Each structure stands twice: as structure tokens, then as C-alpha cells.
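Dropping run_15.cif in here (mmCIF, C-alpha atoms):
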```cif
data_model
#
loop_
_atom_site.label_atom_id
_atom_site.label_comp_id
_atom_site.auth_asym_id
_atom_site.auth_seq_id
_atom_site.Cartn_x
_atom_site.Cartn_y
_atom_site.Cartn_z
CA MET A 1 185.90 256.58 151.22
CA PRO A 2 184.58 258.39 154.31
CA LYS A 3 180.90 259.22 154.70
CA ALA A 4 179.71 262.76 154.20
CA LYS A 5 179.05 264.68 157.39
CA GLY A 6 175.50 264.85 158.64
CA LYS A 7 174.17 262.12 156.33
CA THR A 8 173.65 259.43 158.98
CA ARG A 9 170.63 259.81 161.21
CA ARG A 10 169.76 257.88 164.33
CA GLN A 11 166.66 255.64 164.02
CA LYS A 12 163.90 256.87 166.28
CA PHE A 13 161.12 254.67 167.62
CA GLY A 14 157.70 255.57 166.21
CA TYR A 15 155.42 255.69 169.24
CA ASN A 16 152.39 256.73 167.26
CA VAL A 17 152.53 253.77 164.80
CA ASN A 18 150.03 250.97 165.29
CA ARG A 19 152.27 247.89 165.00
CA LYS A 20 149.34 245.45 164.81
CA ARG A 21 147.85 247.23 161.80
CA LEU A 22 151.30 247.59 160.22
CA ASN A 23 151.97 243.84 160.45
CA ARG A 24 148.48 242.96 159.20
CA ASN A 25 148.86 245.22 156.17
CA ALA A 26 152.32 243.78 155.47
CA ARG A 27 150.89 240.23 155.54
CA ARG A 28 148.02 241.25 153.27
CA LYS A 29 150.40 242.81 150.75
CA ALA A 30 152.66 239.77 150.84
CA ALA A 31 149.83 237.36 149.98
CA PRO A 32 148.86 237.31 146.30
CA ARG A 33 145.39 238.46 145.32
CA ILE A 34 143.10 235.64 144.23
CA GLU A 35 141.59 236.67 140.89
CA CYS A 36 138.64 234.24 140.90
CA SER A 37 135.90 235.88 142.99
CA HIS A 38 134.22 232.57 143.88
CA ILE A 39 137.39 231.17 145.39
CA ARG A 40 138.37 234.49 147.00
CA HIS A 41 135.09 234.79 148.93
CA ALA A 42 135.28 231.21 150.21
CA TRP A 43 138.95 231.43 151.20
CA ASP A 44 139.91 230.95 154.85
CA HIS A 45 143.19 232.69 155.64
CA ALA A 46 143.71 230.59 158.76
CA LYS A 47 144.03 227.41 156.68
CA SER A 48 146.67 226.27 154.22
CA VAL A 49 146.24 226.38 150.46
CA ARG A 50 145.79 222.60 150.27
CA GLN A 51 143.11 222.62 152.98
CA ASN A 52 141.23 225.52 151.38
CA LEU A 53 141.18 223.91 147.95
CA ALA A 54 140.21 220.50 149.38
CA GLU A 55 137.23 222.09 151.16
CA MET A 56 136.10 223.60 147.86
CA GLY A 57 136.47 220.30 146.01
CA LEU A 58 139.47 221.50 144.02
CA ALA A 59 142.91 219.95 143.78
CA MET A 60 146.24 221.54 144.50
CA ASP A 61 148.24 218.88 142.67
CA PRO A 62 146.51 217.40 139.62
CA ASN A 63 148.89 214.43 139.62
CA LYS A 64 147.61 213.34 143.02
CA ALA A 65 143.99 214.22 142.28
CA VAL A 66 143.78 211.89 139.27
CA PRO A 67 146.15 209.04 139.95
CA PHE A 68 147.26 206.94 137.00
CA ARG A 69 147.36 203.17 137.26
CA LYS A 70 150.79 201.68 137.33
CA ARG A 71 151.41 198.49 135.42
CA LYS A 72 151.55 195.56 137.79
CA MET A 73 154.53 193.29 137.82
CA LYS A 74 153.87 189.75 136.72
CA GLY A 75 153.20 187.47 139.66
CA MET A 76 153.14 190.31 142.20
CA GLU A 77 150.08 191.84 143.79
CA VAL A 78 150.36 195.47 144.67
CA ASP A 79 148.00 196.62 147.39
CA THR A 80 146.56 200.00 146.60
CA GLU A 81 145.60 201.71 149.77
CA ALA A 82 142.59 203.89 149.34
CA ARG A 83 143.30 207.31 150.71
CA PRO A 84 140.48 208.81 152.76
CA LYS A 85 138.53 211.25 150.64
CA GLU A 86 138.66 214.80 151.90
CA LEU A 87 135.28 216.20 152.81
CA VAL A 88 133.99 218.92 150.50
CA ARG A 89 132.59 221.51 152.87
CA LYS A 90 132.08 224.25 150.29
CA PRO A 91 130.52 222.56 147.23
CA TYR A 92 128.88 225.80 146.14
CA VAL A 93 132.25 227.10 144.91
CA LEU A 94 132.61 224.17 142.53
CA ASN A 95 129.00 224.55 141.38
CA GLU A 96 129.50 228.27 140.68
CA LEU A 97 132.71 227.59 138.74
CA GLU A 98 130.97 224.90 136.65
CA ALA A 99 128.03 227.20 135.96
CA GLU A 100 130.35 229.99 134.88
CA ALA A 101 132.34 227.63 132.65
CA SER A 102 129.16 226.33 130.97
CA LEU A 103 128.08 229.80 129.86
CA PRO A 104 128.59 230.39 126.14
CA GLU A 105 131.67 232.36 125.27
CA LYS A 106 130.86 235.86 124.14
CA LYS A 107 132.26 236.94 120.82
CA GLY A 108 135.01 239.38 121.64
CA ASN A 109 136.62 240.03 118.29
CA THR A 110 135.11 242.53 115.90
CA LEU A 111 136.26 244.42 112.86
CA SER A 112 137.27 248.04 112.93
CA ARG A 113 134.87 250.66 111.67
CA ASP A 114 137.47 251.78 109.09
CA LEU A 115 137.70 248.30 107.58
CA ILE A 116 133.92 247.99 107.37
CA ASP A 117 133.63 251.38 105.65
CA TYR A 118 136.48 250.47 103.28
CA VAL A 119 134.87 247.18 102.25
CA ARG A 120 131.44 248.77 101.79
CA TYR A 121 132.90 251.57 99.66
CA MET A 122 134.81 249.15 97.44
CA VAL A 123 131.84 246.85 96.91
CA GLU A 124 129.46 249.77 96.26
CA ASN A 125 131.73 251.29 93.61
CA HIS A 126 133.33 248.25 91.98
CA GLY A 127 131.12 245.22 92.64
CA GLU A 128 133.36 242.17 92.29
CA ASP A 129 136.09 243.80 90.17
CA TYR A 130 139.04 243.37 92.53
CA LYS A 131 141.56 244.77 90.04
CA ALA A 132 139.59 248.01 89.85
CA MET A 133 139.45 248.09 93.65
CA ALA A 134 143.23 247.78 93.78
CA ARG A 135 143.57 250.79 91.46
CA ASP A 136 141.03 252.88 93.41
CA GLU A 137 142.36 256.09 94.98
CA LYS A 138 140.84 255.12 98.36
CA ASN A 139 143.11 252.07 98.48
CA TYR A 140 145.52 253.93 100.76
CA TYR A 141 147.46 250.86 101.89
CA GLN A 142 147.92 249.68 98.28
CA ASP A 143 146.26 246.34 98.91
CA THR A 144 146.52 243.80 96.12
CA PRO A 145 143.32 242.41 94.57
CA LYS A 146 143.75 239.21 96.57
CA GLN A 147 144.16 241.13 99.85
CA ILE A 148 141.01 243.14 99.13
CA ARG A 149 139.10 239.94 98.34
CA ASN A 150 140.27 238.45 101.66
CA LYS A 151 139.13 241.56 103.55
CA ILE A 152 135.71 241.32 101.93
CA ASN A 153 135.50 237.62 102.85
CA VAL A 154 136.42 238.42 106.45
CA TYR A 155 133.64 241.00 106.57
CA LYS A 156 131.19 238.43 105.13
CA ARG A 157 132.23 235.88 107.75
CA PHE A 158 132.00 238.26 110.71
CA TYR A 159 128.70 239.93 109.84
CA PRO A 160 126.70 237.61 107.55
CA GLU A 161 123.30 239.26 108.23
CA GLU A 162 124.67 242.77 107.79
CA TRP A 163 126.44 241.70 104.59
CA GLN A 164 123.25 240.20 103.16
CA SER A 165 121.20 243.32 103.91
CA PHE A 166 123.97 245.45 102.38
CA ILE A 167 124.00 243.35 99.20
CA ASP A 168 120.20 243.50 99.00
CA SER A 169 120.30 247.29 99.26
CA LEU A 170 122.67 247.61 96.29
CA PRO A 171 121.24 248.07 92.79
CA LYS A 172 121.02 244.73 90.96
CA ASP A 173 123.00 245.88 87.90
CA LYS A 174 125.98 246.77 90.16
CA MET A 175 126.41 243.45 91.95
CA GLU A 176 126.02 239.79 91.09
CA VAL A 177 127.05 237.96 94.25
CA ASP A 178 126.72 234.30 95.24
#
```

What do you get writing this file as C-alpha cells?
Amino acid sequence: MPKAKGKTRRQKFGYNVNRKRLNRNARRKAAPRIECSHIRHAWDHAKSVRQNLAEMGLAMDPNKAVPFRKRKMKGMEVDTEARPKELVRKPYVLNELEAEASLPEKKGNTLSRDLIDYVRYMVENHGEDYKAMARDEKNYYQDTPKQIRNKINVYKRFYPEEWQSFIDSLPKDKMEVD
């Protein structure tokens, strides 16, 4: 099928384009972004990945970093040549990574405000009567008594101090809890 008229255009040379900047930006976009800030700041783009990681005291190939001992054949001595250890020029990267890894993990999971309000309402009005909770009009999702009990136990496990203060604030005739 022939081409439509006027659709092909001659390529013109862009005199006002900075080729050096264009190539540099293309290289930068081609290289993946290093997510770890400690490694990213210590990275030397003139060196290879293996050289960069060796300078930081990290390994590119874990199989070569921690060699496993091969079983020796009976009656044969196998000479293991000790490879020269690569010099760690940037030990601060490894120290920062270890310090960051030793920090306690922050608790990221919480319960929704709706679930907390639901559990508090049910316990305030029904105490430990899970069958009555299941028949309550606020039980929109038609949870079974066992499902409601599990939700209450989850709330107890996530917020033990808040649960204890909530139970203490309830009138004693309403609730007899462990």
C-alpha cells in the first residue's frame, strides 16, 4: 500500500541541542535508581558494580562471598588457594546499614477506627453476650457470635492498655471480664 502524500518529513539536524547533556541524561535514565540512600551516596559511577560493592564491604555474589567447603576425596589433598581479600575502603556504609537494621521495627499495622468503635459499642451494650451482639441492629455485616468474639480478641491484643482502661471505665454490673 502506498504512503499518504506529505506524511514523510526529512530529518533535520538540531543545532541548538546540547549533545553532551543529552547523552548524560540518557545514561542517567538508563541506570536504575539505587533505593538505599547509604549505598547511593557512596556509589562511584566510574567503577563497576562489583568494585563498588567490594569497597563498601558488600558482596555481589553471595555464593562466592561465603564459600562452602567441598568434601575432600579420600587420599587426595586439595589445595585451597586463599583469594586476596578486597580492601574495604568505605566501611561507614556497612556500619550505617547495620545500625539501621538493628533499630527496632516500628509497629505498622493498626485497626480501623470503625472496628474499634464497633467493638466498644458491642461490649458497652452487651458485655460478653455474643449471641445478643450478633442480633444487634448495629451488626451491619451480620457477623456471627464467633466472628464478633474474634474481633474483640483482636482489639484486646492490639491495644491491651486501652482495652484495660475501657473495661475499668464500664460499670461493674455490666461486665465481668477476665

Review point. Of the residues A:Gly14, A:Tyr159, A:Lys131, A:Arg113, which is the one nearest to Asp143 of chain A, using all atoms listed in the file?
Key: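 Looking only at the distances to Asp143 of chain A, the closest residue turns out to be A:Lys131.
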
**Study point:** Two-atom distance - atom CA of Arg89 of chain A, atom CA of Glu55 of chain A (Å)
**Key:** 5.0 Å

Point to revise | atom CA of Leu170 of chain A to atom CA of Glu124 of chain A, straight-line distance in Å | key: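 Computing it gives 7.1 Å between the two atoms.
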
Study note, to complete from the structure: Between atom CA of Gly127 of chain A and atom CA of Tyr141 of chain A lies a distance of 19.6 Å

**Study point:** Residues selected by the PyMOL selection byres ((chain A and resi 153) around 12), written as a PyMOL selection string
**Key:** chain A and resi 115-116+119-120+123+128+146-152+154-160+163

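Once Glu137 of chain A and its same-chain neighbours fewer than 6 positions away are set aside, Tyr118, Tyr121, Met122, Asn125 and Asp143 of chain A remain within 12 Å of it when counting all atoms listed in the file.
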
Each segment 47-72 of chain A residue no farther than 9 Å from segment 93-111 of chain A, nearest pair in Å, only C-alpha atoms, as JSON lines:
```
{"residue": "A:Met56", "atom": "CA", "partner": "A:Val93", "partner_atom": "CA", "distance": 6.0}
{"residue": "A:Gly57", "atom": "CA", "partner": "A:Leu94", "partner_atom": "CA", "distance": 6.5}
{"residue": "A:Leu58", "atom": "CA", "partner": "A:Leu94", "partner_atom": "CA", "distance": 7.5}
```

Review point. Can you tell me, as a PyMOL selection string, what residues are no more than 12 Å from Gln51 of chain A when counting only C-alpha atoms, ignoring any on the same chain fewer than 5 positions away?
Key: chain A and resi 42-46+56-60+86-90

Write to file, as a PDB file, keeping the file's coordinate frame, the residues of the selection just made, with C-alpha atoms.
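Wrote result_14.pdb, looks like this:
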```
ATOM      1  CA  ALA A  42     135.280 231.210 150.210  1.00  0.00           C
ATOM      2  CA  TRP A  43     138.950 231.430 151.200  1.00  0.00           C
ATOM      3  CA  ASP A  44     139.910 230.950 154.850  1.00  0.00           C
ATOM      4  CA  HIS A  45     143.190 232.690 155.640  1.00  0.00           C
ATOM      5  CA  ALA A  46     143.710 230.590 158.760  1.00  0.00           C
ATOM      6  CA  MET A  56     136.100 223.600 147.860  1.00  0.00           C
ATOM      7  CA  GLY A  57     136.470 220.300 146.010  1.00  0.00           C
ATOM      8  CA  LEU A  58     139.470 221.500 144.020  1.00  0.00           C
ATOM      9  CA  ALA A  59     142.910 219.950 143.780  1.00  0.00           C
ATOM     10  CA  MET A  60     146.240 221.540 144.500  1.00  0.00           C
ATOM     11  CA  GLU A  86     138.660 214.800 151.900  1.00  0.00           C
ATOM     12  CA  LEU A  87     135.280 216.200 152.810  1.00  0.00           C
ATOM     13  CA  VAL A  88     133.990 218.920 150.500  1.00  0.00           C
ATOM     14  CA  ARG A  89     132.590 221.510 152.870  1.00  0.00           C
ATOM     15  CA  LYS A  90     132.080 224.250 150.290  1.00  0.00           C
TER      16      LYS A  90
END
```

Check your understanding: Which residue gives the smallest distance to Asp129 of chain A among A:Ser165, A:Arg24, A:Asp117, A:Pro145, with only C-alpha atoms counted?
Key -> A:Pro145

Quick one: axis-aligned box around all listed atoms of segment 145-157 of chain A, 6 Å on every side, centre and edge lengths in Å to one decimal, written as lines of an AutoDock Vina configuration file.
```
center_x = 137.7
center_y = 239.5
center_z = 101.2
size_x = 25.0
size_y = 19.3
size_z = 25.2
```

N, CA, C and O atoms for segment 132-158 of chain A, written as an mmCIF file, in the coordinates of the input, could you do that?
```cif
data_model
loop_
_atom_site.group_PDB
_atom_site.id
_atom_site.type_symbol
_atom_site.label_atom_id
_atom_site.label_comp_id
_atom_site.auth_asym_id
_atom_site.auth_seq_id
_atom_site.Cartn_x
_atom_site.Cartn_y
_atom_site.Cartn_z
ATOM 1 N N ALA A 132 139.981 246.601 89.800
ATOM 2 C CA ALA A 132 139.590 248.010 89.850
ATOM 3 C C ALA A 132 139.684 248.541 91.278
ATOM 4 O O ALA A 132 140.039 249.704 91.500
ATOM 5 N N MET A 133 139.334 247.688 92.247
ATOM 6 C CA MET A 133 139.450 248.090 93.650
ATOM 7 C C MET A 133 140.903 248.395 94.000
ATOM 8 O O MET A 133 141.185 249.339 94.736
ATOM 9 N N ALA A 134 141.816 247.579 93.487
ATOM 10 C CA ALA A 134 143.230 247.780 93.780
ATOM 11 C C ALA A 134 143.744 249.091 93.199
ATOM 12 O O ALA A 134 144.660 249.709 93.745
ATOM 13 N N ARG A 135 143.136 249.535 92.089
ATOM 14 C CA ARG A 135 143.570 250.790 91.460
ATOM 15 C C ARG A 135 142.827 252.006 92.007
ATOM 16 O O ARG A 135 143.147 253.131 91.639
ATOM 17 N N ASP A 136 141.845 251.776 92.872
ATOM 18 C CA ASP A 136 141.030 252.880 93.410
ATOM 19 C C ASP A 136 141.906 253.814 94.245
ATOM 20 O O ASP A 136 142.834 253.381 94.933
ATOM 21 N N GLU A 137 141.567 255.108 94.225
ATOM 22 C CA GLU A 137 142.360 256.090 94.980
ATOM 23 C C GLU A 137 142.159 255.954 96.489
ATOM 24 O O GLU A 137 142.988 256.418 97.272
ATOM 25 N N LYS A 138 141.069 255.320 96.917
ATOM 26 C CA LYS A 138 140.840 255.120 98.360
ATOM 27 C C LYS A 138 141.605 253.916 98.904
ATOM 28 O O LYS A 138 141.539 253.637 100.091
ATOM 29 N N ASN A 139 142.292 253.202 98.048
ATOM 30 C CA ASN A 139 143.110 252.070 98.480
ATOM 31 C C ASN A 139 144.434 252.614 99.008
ATOM 32 O O ASN A 139 145.473 252.481 98.383
ATOM 33 N N TYR A 140 144.365 253.227 100.204
ATOM 34 C CA TYR A 140 145.520 253.930 100.760
ATOM 35 C C TYR A 140 146.691 252.999 101.045
ATOM 36 O O TYR A 140 147.842 253.370 100.892
ATOM 37 N N TYR A 141 146.393 251.788 101.497
ATOM 38 C CA TYR A 141 147.460 250.860 101.890
ATOM 39 C C TYR A 141 147.963 250.033 100.714
ATOM 40 O O TYR A 141 148.742 249.108 100.908
ATOM 41 N N GLN A 142 147.498 250.344 99.507
ATOM 42 C CA GLN A 142 147.920 249.680 98.280
ATOM 43 C C GLN A 142 147.761 248.163 98.386
ATOM 44 O O GLN A 142 148.678 247.387 98.112
ATOM 45 N N ASP A 143 146.566 247.763 98.826
ATOM 46 C CA ASP A 143 146.260 246.340 98.910
ATOM 47 C C ASP A 143 146.183 245.746 97.517
ATOM 48 O O ASP A 143 145.710 246.386 96.576
ATOM 49 N N THR A 144 146.623 244.503 97.401
ATOM 50 C CA THR A 144 146.520 243.800 96.120
ATOM 51 C C THR A 144 145.082 243.309 95.960
ATOM 52 O O THR A 144 144.322 243.271 96.941
ATOM 53 N N PRO A 145 144.684 242.919 94.755
ATOM 54 C CA PRO A 145 143.320 242.410 94.570
ATOM 55 C C PRO A 145 142.997 241.234 95.493
ATOM 56 O O PRO A 145 141.888 241.137 96.027
ATOM 57 N N LYS A 146 143.980 240.369 95.700
ATOM 58 C CA LYS A 146 143.750 239.210 96.570
ATOM 59 C C LYS A 146 143.546 239.649 98.027
ATOM 60 O O LYS A 146 142.707 239.101 98.748
ATOM 61 N N GLN A 147 144.309 240.636 98.484
ATOM 62 C CA GLN A 147 144.160 241.130 99.850
ATOM 63 C C GLN A 147 142.792 241.776 100.048
ATOM 64 O O GLN A 147 142.152 241.609 101.090
ATOM 65 N N ILE A 148 142.334 242.506 99.035
ATOM 66 C CA ILE A 148 141.010 243.140 99.130
ATOM 67 C C ILE A 148 139.934 242.054 99.168
ATOM 68 O O ILE A 148 138.979 242.142 99.954
ATOM 69 N N ARG A 149 140.072 241.035 98.340
ATOM 70 C CA ARG A 149 139.100 239.940 98.340
ATOM 71 C C ARG A 149 139.053 239.264 99.716
ATOM 72 O O ARG A 149 137.975 238.956 100.235
ATOM 73 N N ASN A 150 140.223 239.070 100.331
ATOM 74 C CA ASN A 150 140.270 238.450 101.660
ATOM 75 C C ASN A 150 139.593 239.338 102.711
ATOM 76 O O ASN A 150 138.907 238.839 103.604
ATOM 77 N N LYS A 151 139.784 240.649 102.606
ATOM 78 C CA LYS A 151 139.130 241.560 103.550
ATOM 79 C C LYS A 151 137.616 241.498 103.399
ATOM 80 O O LYS A 151 136.875 241.524 104.389
ATOM 81 N N ILE A 152 137.153 241.418 102.176
ATOM 82 C CA ILE A 152 135.710 241.320 101.930
ATOM 83 C C ILE A 152 135.175 239.994 102.490
ATOM 84 O O ILE A 152 134.109 239.958 103.116
ATOM 85 N N ASN A 153 135.933 238.917 102.319
ATOM 86 C CA ASN A 153 135.500 237.620 102.850
ATOM 87 C C ASN A 153 135.476 237.618 104.378
ATOM 88 O O ASN A 153 134.599 237.001 104.982
ATOM 89 N N VAL A 154 136.417 238.313 104.994
ATOM 90 C CA VAL A 154 136.420 238.420 106.450
ATOM 91 C C VAL A 154 135.172 239.164 106.922
ATOM 92 O O VAL A 154 134.509 238.765 107.885
ATOM 93 N N TYR A 155 134.845 240.233 106.222
ATOM 94 C CA TYR A 155 133.640 241.000 106.570
ATOM 95 C C TYR A 155 132.396 240.134 106.413
ATOM 96 O O TYR A 155 131.512 240.143 107.268
ATOM 97 N N LYS A 156 132.327 239.348 105.346
ATOM 98 C CA LYS A 156 131.190 238.430 105.130
ATOM 99 C C LYS A 156 131.085 237.425 106.266
ATOM 100 O O LYS A 156 129.987 237.108 106.724
ATOM 101 N N ARG A 157 132.224 236.910 106.706
ATOM 102 C CA ARG A 157 132.230 235.880 107.750
ATOM 103 C C ARG A 157 131.844 236.457 109.117
ATOM 104 O O ARG A 157 131.138 235.824 109.893
ATOM 105 N N PHE A 158 132.285 237.676 109.406
ATOM 106 C CA PHE A 158 132.000 238.260 110.710
ATOM 107 C C PHE A 158 130.561 238.747 110.835
ATOM 108 O O PHE A 158 129.954 238.621 111.889
#
```
